[in-house]
Amino acid sequence: IKSVLAIPIVTTTGQSLGFIEYDDTDCTRSWNGEDIISLKVIAEIIGSHIIRERTQKSLKESERNFRQIFENMQEGFFRIDPEGTLILANQRFAEILGYDSPEKLTGNSFLELPIAESTDREKFLTNLKDIGIITNLQNTMVNKRNRRVHYRVNAQAVHSDSGAVRFYDGTVEDITEEKELEEQLIHSQKMEALGRLAGGIAHDFNNLLTVIDGYSSFMLQKIGSDDPLTKDIKMI
């Protein structure tokens with residue numbers, strides 16, 4: 001190599017990515033301004049390409065991580081646009097509603113989903129639009145598989161920089177098992193209270209019988225065996 005022209009490859013923030021060089025193996029030469037400018041242009045093109053590739057790779061990695069978290073959530077996630085259309089949902093949300101996949105839900109009106117609920121869904125959406133947030137709302141539904149589900153829902157509005165509502169994000173948690181345990185506990189407590197009440201009544205009744213038996217024995221001692229009341233008292 002007789003002559004070398006090297007130009008650094010840097011980002012707009014000054015981060016060094018390497019360098020590019022041009023070698024002349026035939027003769028020693030002086031590099032003119034045109035050579036330097038040409039190599040700088042090439043260096044900028046290569047630098048832009050490297051940054052673009054790194055950015056795309058980072059975005060794909062972030063998207064993959066988000067998708068894994070999104071699909072592995074224990075809560076159902078849903079997103080509704082301002083018109084009430086379901087535009088995004090994860091697998092868990094579909095399962096809670098009794099569907100095989102979220103694709104069968106997205107694109108449908110939130111108000112028209114064939115799910116029987118104990119509260120008014122339109123009222124829920126109206127309150128969400130008016131207040132902007134709903135927390136720990138518990139409800140019961142019969143899902144598409146005809147399964148009764150107790151659930152807890154949280155939702156809030158997501159705004160743009162201008163303040164307009166972009167969409168509403170929410171989570172749904174299946175609390176059926178929790179509710180069933182609560183009902184079992186309440187039933188157990190009722191049975192325990194009933195048992196204590198029955199035990200108290202039996203104790204009081206036994207005390208009363210003891211008094212009656214005592215008085216009966218006392219009366220038998222006071223009257224003779226030939227007294228007409230003896231037979232009745234013994235029956236007591």
# chains A, B, ... in the order shown; residues from 1 in each chain; ligands from 1

call {"tool": "select_by_dssp", "arguments": {"residues": "range 142-201 of chain A", "states": "helix (DSSP H, G or I)", "output": "list in words"}}
result
Thr176, Glu177, Glu178, Lys179, Glu180, Leu181, Glu182, Glu183, Gln184, Leu185, Ile186, His187, Ser188, Gln189, Lys190, Met191, Glu192, Ala193, Leu194, Gly195, Arg196, Leu197, Ala198, Gly199, Gly200 and Ile201 of chain A

call {"tool": "residues_around", "arguments": {"residues": "Arg121 in chain A", "least_positions_apart": "6", "cutoff": "10 Å", "atoms": "only C-alpha atoms", "output": "PyMOL selection string"}}
result
chain A and resi 110-113+115+127

call {"tool": "write_last_selection", "arguments": {"atoms": "C-alpha atoms", "output": "PDB file, in the first residue's frame"}}
result
ATOM      1  CA  PHE A 110     -67.475  -3.571  22.473  1.00  0.00           C
ATOM      2  CA  LEU A 111     -71.174  -3.038  23.125  1.00  0.00           C
ATOM      3  CA  GLU A 112     -72.272  -5.856  20.821  1.00  0.00           C
ATOM      4  CA  LEU A 113     -70.082  -8.677  22.120  1.00  0.00           C
ATOM      5  CA  ILE A 115     -71.634 -11.779  26.524  1.00  0.00           C
ATOM      6  CA  ASN A 127     -68.746   6.343  32.620  1.00  0.00           C
TER       7      ASN A 127
END

call {"tool": "closest_residue", "arguments": {"among": "A:Gly200, A:Gly76, A:Gly163, A:Gly84", "to": "Gly107 in chain A", "atoms": "only C-alpha atoms"}}
result
A:Gly84

call {"tool": "closest_residue", "arguments": {"among": "A:Tyr99, A:Ala164, A:Val10, A:Ile201", "to": "Ile45 in chain A", "atoms": "only C-alpha atoms"}}
result
A:Val10

call {"tool": "atom_distance", "arguments": {"atom1": "CA of Asn72 in chain A", "atom2": "CA of Arg145 in chain A"}}
result
21.9 Å

call {"tool": "select_by_dssp", "arguments": {"residues": "range 43-220 of chain A", "states": "strand (DSSP E or B)", "output": "PyMOL selection string"}}
result
chain A and resi 76-80+85-89+109+116-117+133-142+148-159+165-174

call {"tool": "atom_distance", "arguments": {"atom1": "CA of Glu83 in chain A", "atom2": "CA of Glu117 in chain A"}}
result
20.7 Å

call {"tool": "residues_around", "arguments": {"residues": "Ser3 in chain A", "least_positions_apart": "2", "cutoff": "10 Å", "atoms": "only C-alpha atoms", "output": "list of chain:residue names"}}
result
A:Ile1, A:Leu5, A:Tyr22, A:Asp23, A:Asp24, A:Thr25, A:Asp26, A:Cys27, A:Thr28, A:Arg29, A:Ser30, A:Trp31

call {"tool": "write_last_selection", "arguments": {"atoms": "N, CA, C and O atoms", "output": "PDB file, in the first residue's frame"}}
result
ATOM      1  N   ILE A   1       0.858  -1.187   0.000  1.00  0.00           N
ATOM      2  CA  ILE A   1       0.000   0.000   0.000  1.00  0.00           C
ATOM      3  C   ILE A   1       0.891   1.233   0.000  1.00  0.00           C
ATOM      4  O   ILE A   1       1.725   1.419   0.876  1.00  0.00           O
ATOM      5  N   LEU A   5      -6.127   6.907   2.570  1.00  0.00           N
ATOM      6  CA  LEU A   5      -7.001   7.996   2.982  1.00  0.00           C
ATOM      7  C   LEU A   5      -8.074   7.376   3.875  1.00  0.00           C
ATOM      8  O   LEU A   5      -8.843   6.520   3.426  1.00  0.00           O
ATOM      9  N   TYR A  22      -9.442   4.443   1.900  1.00  0.00           N
ATOM     10  CA  TYR A  22      -9.177   4.171   0.487  1.00  0.00           C
ATOM     11  C   TYR A  22      -7.676   4.003   0.332  1.00  0.00           C
ATOM     12  O   TYR A  22      -6.902   4.873   0.747  1.00  0.00           O
ATOM     13  N   ASP A  23      -7.265   2.895  -0.246  1.00  0.00           N
ATOM     14  CA  ASP A  23      -5.845   2.589  -0.385  1.00  0.00           C
ATOM     15  C   ASP A  23      -5.423   2.687  -1.858  1.00  0.00           C
ATOM     16  O   ASP A  23      -6.153   2.277  -2.751  1.00  0.00           O
ATOM     17  N   ASP A  24      -4.222   3.212  -2.038  1.00  0.00           N
ATOM     18  CA  ASP A  24      -3.620   3.236  -3.372  1.00  0.00           C
ATOM     19  C   ASP A  24      -2.380   2.348  -3.308  1.00  0.00           C
ATOM     20  O   ASP A  24      -1.411   2.633  -2.592  1.00  0.00           O
ATOM     21  N   THR A  25      -2.421   1.250  -4.028  1.00  0.00           N
ATOM     22  CA  THR A  25      -1.308   0.289  -3.995  1.00  0.00           C
ATOM     23  C   THR A  25      -0.305   0.531  -5.118  1.00  0.00           C
ATOM     24  O   THR A  25       0.726  -0.149  -5.191  1.00  0.00           O
ATOM     25  N   ASP A  26      -0.578   1.491  -5.975  1.00  0.00           N
ATOM     26  CA  ASP A  26       0.294   1.710  -7.122  1.00  0.00           C
ATOM     27  C   ASP A  26       1.361   2.774  -6.870  1.00  0.00           C
ATOM     28  O   ASP A  26       2.529   2.618  -7.253  1.00  0.00           O
ATOM     29  N   CYS A  27       0.955   3.845  -6.223  1.00  0.00           N
ATOM     30  CA  CYS A  27       1.914   4.946  -6.055  1.00  0.00           C
ATOM     31  C   CYS A  27       1.570   5.779  -4.838  1.00  0.00           C
ATOM     32  O   CYS A  27       0.466   5.727  -4.309  1.00  0.00           O
ATOM     33  N   THR A  28       2.577   6.567  -4.431  1.00  0.00           N
ATOM     34  CA  THR A  28       2.359   7.522  -3.347  1.00  0.00           C
ATOM     35  C   THR A  28       1.689   8.748  -3.943  1.00  0.00           C
ATOM     36  O   THR A  28       2.123   9.276  -4.962  1.00  0.00           O
ATOM     37  N   ARG A  29       0.639   9.213  -3.268  1.00  0.00           N
ATOM     38  CA  ARG A  29      -0.114  10.342  -3.824  1.00  0.00           C
ATOM     39  C   ARG A  29      -0.624  11.244  -2.719  1.00  0.00           C
ATOM     40  O   ARG A  29      -0.692  10.871  -1.558  1.00  0.00           O
ATOM     41  N   SER A  30      -0.946  12.436  -3.123  1.00  0.00           N
ATOM     42  CA  SER A  30      -1.572  13.393  -2.218  1.00  0.00           C
ATOM     43  C   SER A  30      -3.065  13.410  -2.540  1.00  0.00           C
ATOM     44  O   SER A  30      -3.456  13.522  -3.706  1.00  0.00           O
ATOM     45  N   TRP A  31      -3.872  13.317  -1.488  1.00  0.00           N
ATOM     46  CA  TRP A  31      -5.328  13.277  -1.682  1.00  0.00           C
ATOM     47  C   TRP A  31      -5.876  14.692  -1.749  1.00  0.00           C
ATOM     48  O   TRP A  31      -5.608  15.516  -0.897  1.00  0.00           O
TER      49      TRP A  31
END

call {"tool": "closest_residue", "arguments": {"among": "A:Thr13, A:Ser38, A:Thr85, A:Asn32", "to": "Ile51 in chain A", "atoms": "only C-alpha atoms"}}
result
A:Thr13

call {"tool": "closest_residue", "arguments": {"among": "A:Gly47, A:Pro82, A:Gly33, A:Gly199", "to": "Pro8 in chain A", "atoms": "only C-alpha atoms"}}
result
A:Gly47

call {"tool": "residues_around", "arguments": {"residues": "Asp130 in chain A", "least_positions_apart": "5", "cutoff": "10 Å", "atoms": "only C-alpha atoms", "output": "NGL selection string"}}
result
:A and (124-125 or 157)

call {"tool": "write_last_selection", "arguments": {"atoms": "all heavy atoms", "output": "compact mmCIF listing (two decimals), in the first residue's frame"}}
result
# COMPACT_ATOMS: atom_id res chain seq x y z
N PHE A 124 -71.11 1.36 31.44
CA PHE A 124 -69.68 1.26 31.75
C PHE A 124 -68.87 2.13 30.79
O PHE A 124 -67.98 2.90 31.21
CB PHE A 124 -69.22 -0.20 31.67
CG PHE A 124 -67.74 -0.38 31.61
CD1 PHE A 124 -66.97 -0.36 32.76
CD2 PHE A 124 -67.08 -0.57 30.39
CE1 PHE A 124 -65.60 -0.53 32.72
CE2 PHE A 124 -65.71 -0.74 30.34
CZ PHE A 124 -64.98 -0.72 31.51
N LEU A 125 -69.15 2.03 29.50
CA LEU A 125 -68.40 2.79 28.50
C LEU A 125 -68.68 4.28 28.63
O LEU A 125 -67.76 5.11 28.49
CB LEU A 125 -68.77 2.30 27.10
CG LEU A 125 -67.88 2.77 25.94
CD1 LEU A 125 -66.42 2.40 26.20
CD2 LEU A 125 -68.35 2.17 24.62
N ALA A 157 -58.47 6.21 30.06
CA ALA A 157 -58.30 6.84 28.76
C ALA A 157 -56.83 7.16 28.51
O ALA A 157 -56.09 7.51 29.42
CB ALA A 157 -59.13 8.13 28.71

call {"tool": "atom_distance", "arguments": {"atom1": "CA of Tyr168 in chain A", "atom2": "CA of Gln56 in chain A"}}
result
28.1 Å

call {"tool": "residues_around", "arguments": {"residues": "Ile7 in chain A", "least_positions_apart": "4", "cutoff": "10 Å", "atoms": "only C-alpha atoms", "output": "number ranges by chain"}}
result
A: 18-22, 36-37, 39-44

call {"tool": "write_last_selection", "arguments": {"atoms": "N, CA and C atoms", "output": "tab-separated table (two decimals), in the first residue's frame"}}
result
chain	number	residue	atom	x	y	z
A	18	GLY	N	-16.57	3.55	13.49
A	18	GLY	CA	-15.45	2.93	12.77
A	18	GLY	C	-14.86	3.92	11.79
A	19	PHE	N	-14.30	3.40	10.75
A	19	PHE	CA	-13.75	4.30	9.74
A	19	PHE	C	-13.78	3.60	8.39
A	20	ILE	N	-13.64	4.39	7.36
A	20	ILE	CA	-13.56	3.88	6.00
A	20	ILE	C	-12.27	4.42	5.39
A	21	GLU	N	-11.58	3.58	4.64
A	21	GLU	CA	-10.31	4.05	4.04
A	21	GLU	C	-10.22	3.65	2.58
A	22	TYR	N	-9.44	4.44	1.90
A	22	TYR	CA	-9.18	4.17	0.49
A	22	TYR	C	-7.68	4.00	0.33
A	36	ILE	N	-11.42	13.60	-0.66
A	36	ILE	CA	-11.84	13.61	0.75
A	36	ILE	C	-13.36	13.76	0.86
A	37	ILE	N	-13.92	14.69	0.04
A	37	ILE	CA	-15.37	14.91	0.08
A	37	ILE	C	-16.11	13.65	-0.35
A	39	LEU	N	-15.14	10.54	-0.13
A	39	LEU	CA	-15.05	9.51	0.90
A	39	LEU	C	-15.91	9.86	2.11
A	40	LYS	N	-16.01	11.17	2.42
A	40	LYS	CA	-16.87	11.60	3.52
A	40	LYS	C	-18.34	11.29	3.22
A	41	VAL	N	-18.75	11.51	1.96
A	41	VAL	CA	-20.13	11.21	1.56
A	41	VAL	C	-20.41	9.72	1.72
A	42	ILE	N	-19.45	8.91	1.30
A	42	ILE	CA	-19.61	7.46	1.42
A	42	ILE	C	-19.69	7.06	2.91
A	43	ALA	N	-18.85	7.70	3.72
A	43	ALA	CA	-18.84	7.42	5.16
A	43	ALA	C	-20.18	7.77	5.79
A	44	GLU	N	-20.76	8.90	5.37
A	44	GLU	CA	-22.07	9.31	5.91
A	44	GLU	C	-23.16	8.33	5.50

call {"tool": "decode", "arguments": {"residues": "range 78-117 of chain A", "atoms": "N, CA and C atoms", "output": "compact mmCIF listing (two decimals), in the first residue's frame"}}
result
# COMPACT_ATOMS: atom_id res chain seq x y z
N PHE A 78 -57.35 -5.24 26.97
CA PHE A 78 -58.16 -4.82 25.82
C PHE A 78 -57.93 -3.33 25.55
N ARG A 79 -58.17 -2.95 24.30
CA ARG A 79 -58.08 -1.55 23.90
C ARG A 79 -59.29 -1.23 23.03
N ILE A 80 -59.95 -0.13 23.37
CA ILE A 80 -61.15 0.30 22.66
C ILE A 80 -60.92 1.69 22.08
N ASP A 81 -61.34 1.90 20.83
CA ASP A 81 -61.21 3.25 20.27
C ASP A 81 -62.37 4.13 20.75
N PRO A 82 -62.32 5.44 20.52
CA PRO A 82 -63.37 6.33 21.03
C PRO A 82 -64.77 5.99 20.53
N GLU A 83 -64.87 5.25 19.41
CA GLU A 83 -66.19 4.87 18.88
C GLU A 83 -66.72 3.59 19.53
N GLY A 84 -65.89 2.94 20.37
CA GLY A 84 -66.34 1.74 21.06
C GLY A 84 -65.97 0.44 20.36
N THR A 85 -65.07 0.51 19.39
CA THR A 85 -64.64 -0.69 18.68
C THR A 85 -63.42 -1.30 19.39
N LEU A 86 -63.45 -2.60 19.56
CA LEU A 86 -62.32 -3.30 20.19
C LEU A 86 -61.20 -3.43 19.15
N ILE A 87 -60.08 -2.75 19.38
CA ILE A 87 -59.02 -2.71 18.38
C ILE A 87 -57.81 -3.56 18.77
N LEU A 88 -57.74 -3.99 20.03
CA LEU A 88 -56.60 -4.79 20.46
C LEU A 88 -57.00 -5.62 21.69
N ALA A 89 -56.54 -6.86 21.72
CA ALA A 89 -56.81 -7.72 22.88
C ALA A 89 -55.76 -8.83 22.90
N ASN A 90 -55.47 -9.33 24.09
CA ASN A 90 -54.52 -10.44 24.17
C ASN A 90 -55.25 -11.77 24.33
N GLN A 91 -54.48 -12.85 24.36
CA GLN A 91 -55.05 -14.19 24.42
C GLN A 91 -55.85 -14.41 25.70
N ARG A 92 -55.34 -13.86 26.81
CA ARG A 92 -56.02 -14.07 28.09
C ARG A 92 -57.39 -13.41 28.10
N PHE A 93 -57.51 -12.25 27.47
CA PHE A 93 -58.80 -11.57 27.38
C PHE A 93 -59.80 -12.44 26.62
N ALA A 94 -59.33 -13.03 25.52
CA ALA A 94 -60.20 -13.91 24.74
C ALA A 94 -60.64 -15.12 25.56
N GLU A 95 -59.71 -15.71 26.32
CA GLU A 95 -60.04 -16.89 27.12
C GLU A 95 -61.09 -16.56 28.18
N ILE A 96 -60.94 -15.42 28.84
CA ILE A 96 -61.91 -15.04 29.88
C ILE A 96 -63.31 -14.89 29.28
N LEU A 97 -63.38 -14.34 28.06
CA LEU A 97 -64.67 -14.17 27.41
C LEU A 97 -65.16 -15.44 26.71
N GLY A 98 -64.33 -16.51 26.74
CA GLY A 98 -64.75 -17.78 26.17
C GLY A 98 -64.46 -17.94 24.70
N TYR A 99 -63.49 -17.18 24.17
CA TYR A 99 -63.12 -17.27 22.76
C TYR A 99 -61.78 -17.97 22.61
N ASP A 100 -61.56 -18.54 21.42
CA ASP A 100 -60.31 -19.25 21.15
C ASP A 100 -59.14 -18.30 20.93
N SER A 101 -59.41 -17.16 20.31
CA SER A 101 -58.32 -16.24 19.98
C SER A 101 -58.84 -14.80 19.99
N PRO A 102 -57.95 -13.84 20.23
CA PRO A 102 -58.38 -12.43 20.23
C PRO A 102 -58.78 -11.93 18.85
N GLU A 103 -58.31 -12.60 17.79
CA GLU A 103 -58.66 -12.18 16.44
C GLU A 103 -60.16 -12.24 16.19
N LYS A 104 -60.84 -13.13 16.93
CA LYS A 104 -62.29 -13.24 16.77
C LYS A 104 -63.05 -12.12 17.48
N LEU A 105 -62.33 -11.33 18.26
CA LEU A 105 -62.94 -10.23 19.00
C LEU A 105 -62.62 -8.87 18.41
N THR A 106 -61.38 -8.68 17.99
CA THR A 106 -60.96 -7.36 17.50
C THR A 106 -61.73 -6.99 16.23
N GLY A 107 -62.06 -5.71 16.15
CA GLY A 107 -62.84 -5.21 15.02
C GLY A 107 -64.33 -5.19 15.30
N ASN A 108 -64.76 -5.82 16.40
CA ASN A 108 -66.17 -5.84 16.77
C ASN A 108 -66.48 -4.71 17.75
N SER A 109 -67.73 -4.32 17.80
CA SER A 109 -68.16 -3.31 18.75
C SER A 109 -68.12 -3.88 20.16
N PHE A 110 -67.54 -3.15 21.08
CA PHE A 110 -67.47 -3.57 22.47
C PHE A 110 -68.87 -3.78 23.05
N LEU A 111 -69.81 -2.97 22.60
CA LEU A 111 -71.17 -3.04 23.13
C LEU A 111 -71.94 -4.24 22.60
N GLU A 112 -71.51 -4.79 21.46
CA GLU A 112 -72.27 -5.86 20.82
C GLU A 112 -71.67 -7.25 21.01
N LEU A 113 -70.64 -7.35 21.85
CA LEU A 113 -70.08 -8.68 22.12
C LEU A 113 -71.15 -9.56 22.77
N PRO A 114 -71.34 -10.81 22.29
CA PRO A 114 -72.41 -11.66 22.81
C PRO A 114 -72.08 -12.25 24.18
N ILE A 115 -71.96 -11.38 25.16
CA ILE A 115 -71.63 -11.78 26.52
C ILE A 115 -72.73 -11.25 27.45
N ALA A 116 -73.30 -12.13 28.26
CA ALA A 116 -74.34 -11.72 29.21
C ALA A 116 -73.68 -11.23 30.49
N GLU A 117 -73.99 -10.00 30.89
CA GLU A 117 -73.39 -9.41 32.08
C GLU A 117 -74.49 -8.92 33.03
